[in-house]
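See below for the structure under consideration.
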Amino acid sequence: MAEIIIKQVAKSFGTFQALHSIDMTIRDREFMVLLGASGCGKTTLLRIIAGLETPSQGEVWIGGRRVDHLPPRERGIAMVFQNYAVFPHLTVFENIAFGLRMKKLPQQEIDKRVNRTAELMHIEQLLKRYSGQLSGGQRQRVAVARALAMEPDVILMDEPLSNLDALLRLEMRAELKGVLAESKSTAIYVTHDQVEAMSLADRISVMNGGKIVQNASPVEIYRDPAARFVGSFIGNPPMNFIKANRQDIGRWRVAGLDLYGPSHGASSLEFAIRPEDLTIGEGGFIATARVVEPLGAHTLVTCEVDGKPFRAVLDSDLKVAPGDVLTLIPKPDRIRWFDPETLLAV
Amino acid sequence: MQSRFLPYMLLAPATLFLAVFFVYPFVQIGILAFSSGDGFTMGHIQTMASHWKFGTALWNTVLLTAIIVPIQLALALSMASIVTKLKTGRSTILFVFAIPLGLSDLAAGIIWLAIFEQSGFLNSMLAGLGVIEQPILFLGYQNMWVIFAAVVLAEIWRATAIMMVILVSGMGLIPKEYYEAAEVFGASPWKRFTKVTLPLLRPSLQTALILRTIAAFEVFAVVVALGGTTLPVLMGETYQWQFTMRDRNVAAAYAMVILGISIAATLVFLRLLRVPKEARL
Ligand SMILES: Nc1ncnc2c1ncn2[C@@H]1O[C@H](COP(=O)(O)OP(=O)(O)OP(=O)(O)O)[C@@H](O)[C@H]1O
Ligand SMILES: [Mg+2]
């Protein structure tokens with residue numbers, strides 16, 4: 001049992017507040033992905049859970065034990081560091097075996113685990129090399145293998161696949177998901193790659209500016225962003241936003257269209273729609289195509305609506321050229337609304 | 001073209017200086033040690049080796065080194081580990097530790113003499129405390145081991161800092177992330193020291209050990225200050241033969257012995273603490 005509970009954890013570096021009162025629960029054996037832009041505090045949070053950084057306030061619990069005053073080695077964790085931290089004076093084999101030797105496992109068991117994880121990470125032919133003789137991506141895989149070999153209660157991974165080429169990344173992603181699903185480890189996985197986040201996570205926590213903005217399943221994060229930031233950060237291309245003015249109770253004027261919306265007291269809201277939730281038809285937004293990017297199955301059209309950029313992903317059968325005027329209808333059940341004051345969903 | 005030769009040209013004056021003032025006299029000493037009026041001879045070496053003090057001097061020198069250097073290494077390593085962990089006041093502490101470095105070895109010897117001699121601090125203190133009634137003669141030839149211990153103390157006091165300074169700078173080069181990784185993967189503080197610090201510190205350990213060992217083989221002024229000629233050491237004997245017995249050839253032979261054991265020690269350390277190129281930091 002290794003449930004992780006984070007209670008009101010905050011962290012300041014001098015006057016700079018990197019984390020603001022984070023609350024989070026990661027269930028036993030859950031795969032939690034921390035997603036957020038560069039500098040939002042993902043690594044800091046991971047280091048606090050690992051015990052490499054002391055929180056300025058708050059509590060960290062792992063498996064029913066309060067751990068924030070314990071050294072890292074007493075927390076039952078393993079970690080993949082963002083900068084790998086593969087020991088230069090040890091071979092790949094000894095790097096992977098490091099933690100196992102510290103646990104004083106028998107040599108036979110060490111051999112078994114090192115070989116298995118090395119195979120998994122496709123580095124079995126590199127076992128005799130030193131870190132200095134590896135590429136960045138190979139070093140990163142050594143770091144992942146070293147953590148997996150521990151078979152820990154909690155595995156913390158800080159962008160463990162960031163340095164791999166697209167194909168290898170896809171493959172490793174699947175391997176990781178498979179291994180961790182079979183293991184008894186609770187995983188926290190940091191990334192700023194949303195596709196990776198979507199494909200791996202049981203649950204995603206989206207961070208922004210040292211806060212958790214939303215914590216939900218991948219689909220929910222995508223479909224029902226709890227904040228404007230999530231909508232604009234998740235999805236490629238991201239959500240479109242248009243200013244909406246209140247006409248009447250529950251009726252809003254959006255770029256020339258009258259739409260039913262929430263009966264909210266504010267005089268203006270933000271209308272939001274994903275680019276793929278638009279269809280061409282009568283009585284939609286009047287959009288002038290500016291850039292047309294064929295993506296194969298779909299075509300990404302960047303238009304202008306109300307003088308602002310507005311993206312639509314359309315079927316590639318549709319012939320669109322720059323300068324064409326389109327009418328785009330939003331799918332009613334996919335429309336979302338945000339409060340421009342709080343930036344939260346309404 | 002020009003840039004390829006530039007470094008060599010810039011180094012040329014220093015190389016020339018070393019060649020003239022170091023290699024040349026060095027060769028001269030080599031010639032002195034192995035030649036007489038009519039060519040090559042082992043005579044001087046034999047004279048040296050058959051003198052009754054040679055064995056004692058060699059034994060004392062090697063024993064002093066074998067005791068002093070490991071103690072210094074242990075002290076320097078622990079002090080450097082502590083200093084490296086300091087967040088503030090690091091340079092002040094380094095400065096304080098480095099004060100003895102500013103003293104010549106003779107001055108250091110005299111300071112310790114002032115402590116141990118019959119009218120010295122130690123005797124006055126013991127008398128003041130009522131432990132003794134008569135001052136004790138610590139440094140007499142009857143108490144050879146006291147002289148020996150005093151030399152060890154003085155040398156440790158005087159020359160540990162140089163090792164520490166080298167090790168502190170070496171430890172500063174080890175990235176923090178390796179300690180963090182070791183910590184996460186279950187290494188206790190002692191394991192982190194033996195599994196991360198020591199192996200990654202090998203280049204600095206090499207430098208520090210070679211410097212200190214060579215200097216220890218040349219121990220002289222401190223021994224003279226504390227024991228006169230009661231405790232013969234190689235460098236002292238070289239001095240004796242050169243200036244008291246006025247036999248430059250045997251003095252040169254002694255110099256050759258010191259050179260020989262210094263080179264041997266250097267080679268041992270180079271081999272023992274070798275870091276393969278691919279395993280460097
Ligand atoms: N030791 C430190 N001292 C001062 N500021 C720090 C320190 N460590 C991190 N920060 C700051 O805290 C913020 C969060 O850093 P963190 O490393 O957690 O970001 P991140 O989300 O992991 O970013 P990235 O995706 O680029 O790795 C950053 O603004 C960073 O500058
Ligand atoms: Mg980071």
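In the structure tokens, chains take the letters A, B, ... in the order shown, each chain's residues start at 1, and ligands count up from 1 in the order shown.
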Determine which residues of segment 79-226 of chain B receive a DSSP assignment of alpha helix (DSSP H), computed from the backbone, and state them as number ranges by chain. B: 79-85, 90-98, 105-116, 121-128, 144-172, 176-184, 189-192, 198-200, 202-217, 221-226
Compile the residues of chain B that lie within 12 Å of chain A, evaluated using only C-alpha atoms, and express the compilation as a VMD selection string. chain B and resid 174 to 192 195 to 202 274 to 281
Within 10 Å of segment 216-227 of chain B, counting only C-alpha atoms, which residues show up once you throw out same-chain ones fewer than 3 positions away? Write them as a ChimeraX atom specification, please. /B:58,60-66,68-69,104-114,116-117,139-141,144,146-148,150-152,154-155,158-159,210-213,230-239,255,258-259,261-262,265
Next, the residues of the selection above should be written as a tab-separated table (two decimals), in the first residue's frame with C-alpha atoms.
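Written output follows (selection-v9.tsv):
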```
chain	number	residue	atom	x	y	z
B	58	LEU	CA	65.74	5.56	5.79
B	60	ASN	CA	62.73	6.89	10.24
B	61	THR	CA	61.83	8.77	7.06
B	62	VAL	CA	59.64	6.03	5.70
B	63	LEU	CA	58.01	5.41	9.08
B	64	LEU	CA	57.32	9.14	9.59
B	65	THR	CA	55.74	9.31	6.14
B	66	ALA	CA	53.74	6.15	6.71
B	68	ILE	CA	51.92	11.25	8.96
B	69	VAL	CA	50.38	10.96	5.50
B	104	SER	CA	58.00	27.90	6.91
B	105	ASP	CA	58.67	24.42	8.21
B	106	LEU	CA	61.52	25.70	10.36
B	107	ALA	CA	59.23	28.24	12.00
B	108	ALA	CA	56.72	25.47	12.60
B	109	GLY	CA	59.44	23.33	14.16
B	110	ILE	CA	60.45	26.19	16.45
B	111	ILE	CA	56.86	26.75	17.56
B	112	TRP	CA	56.55	23.12	18.58
B	113	LEU	CA	59.95	23.27	20.21
B	114	ALA	CA	58.65	26.15	22.32
B	116	PHE	CA	57.89	20.76	24.20
B	117	GLU	CA	61.23	22.06	25.47
B	139	LEU	CA	62.97	15.84	23.72
B	140	GLY	CA	66.05	14.01	25.06
B	141	TYR	CA	67.69	11.17	23.16
B	144	MET	CA	63.29	9.03	21.03
B	146	VAL	CA	58.63	11.58	22.12
B	147	ILE	CA	60.72	13.39	19.53
B	148	PHE	CA	59.15	11.17	16.92
B	150	ALA	CA	56.44	15.67	18.36
B	151	VAL	CA	57.59	15.63	14.73
B	152	VAL	CA	54.42	13.81	13.70
B	154	ALA	CA	54.14	19.34	14.15
B	155	GLU	CA	53.94	18.01	10.61
B	158	ARG	CA	51.69	22.35	9.66
B	159	ALA	CA	50.83	20.56	6.46
B	210	ILE	CA	51.66	12.77	-4.21
B	211	LEU	CA	52.40	16.29	-3.00
B	212	ARG	CA	52.25	15.35	0.66
B	213	THR	CA	54.20	12.12	0.35
B	230	THR	CA	68.99	12.63	17.54
B	231	LEU	CA	66.42	11.46	15.01
B	232	PRO	CA	68.26	10.88	11.75
B	233	VAL	CA	66.21	11.30	8.56
B	234	LEU	CA	67.33	11.14	4.91
B	235	MET	CA	67.26	14.87	4.30
B	236	GLY	CA	69.18	15.51	7.54
B	237	GLU	CA	71.85	13.05	6.49
B	238	THR	CA	72.15	14.71	3.10
B	239	TYR	CA	72.77	17.97	4.93
B	255	ALA	CA	69.55	12.92	-2.78
B	258	ILE	CA	65.08	10.51	-1.81
B	259	LEU	CA	64.40	10.98	-5.49
B	261	ILE	CA	61.50	6.68	-3.22
B	262	SER	CA	59.59	9.82	-4.28
B	265	ALA	CA	55.57	6.60	-4.34
```
Please identify every polymer residue within 7 Å of ligand 1, using only C-alpha atoms and all ligand atoms, and present the set as a list in words. Phe13, Phe16, Ala18, Gly36, Ala37, Ser38, Gly39, Cys40, Gly41, Lys42, Thr43, Thr44, Leu45 and His192 of chain A
Glu119 of chain A: which residues within 12 Å, counting only C-alpha atoms, same-chain residues fewer than 3 positions away excluded, as a PyMOL selection string? chain A and resi 93+96+112-116+122-127+141-142+144-145+148-149+172+175
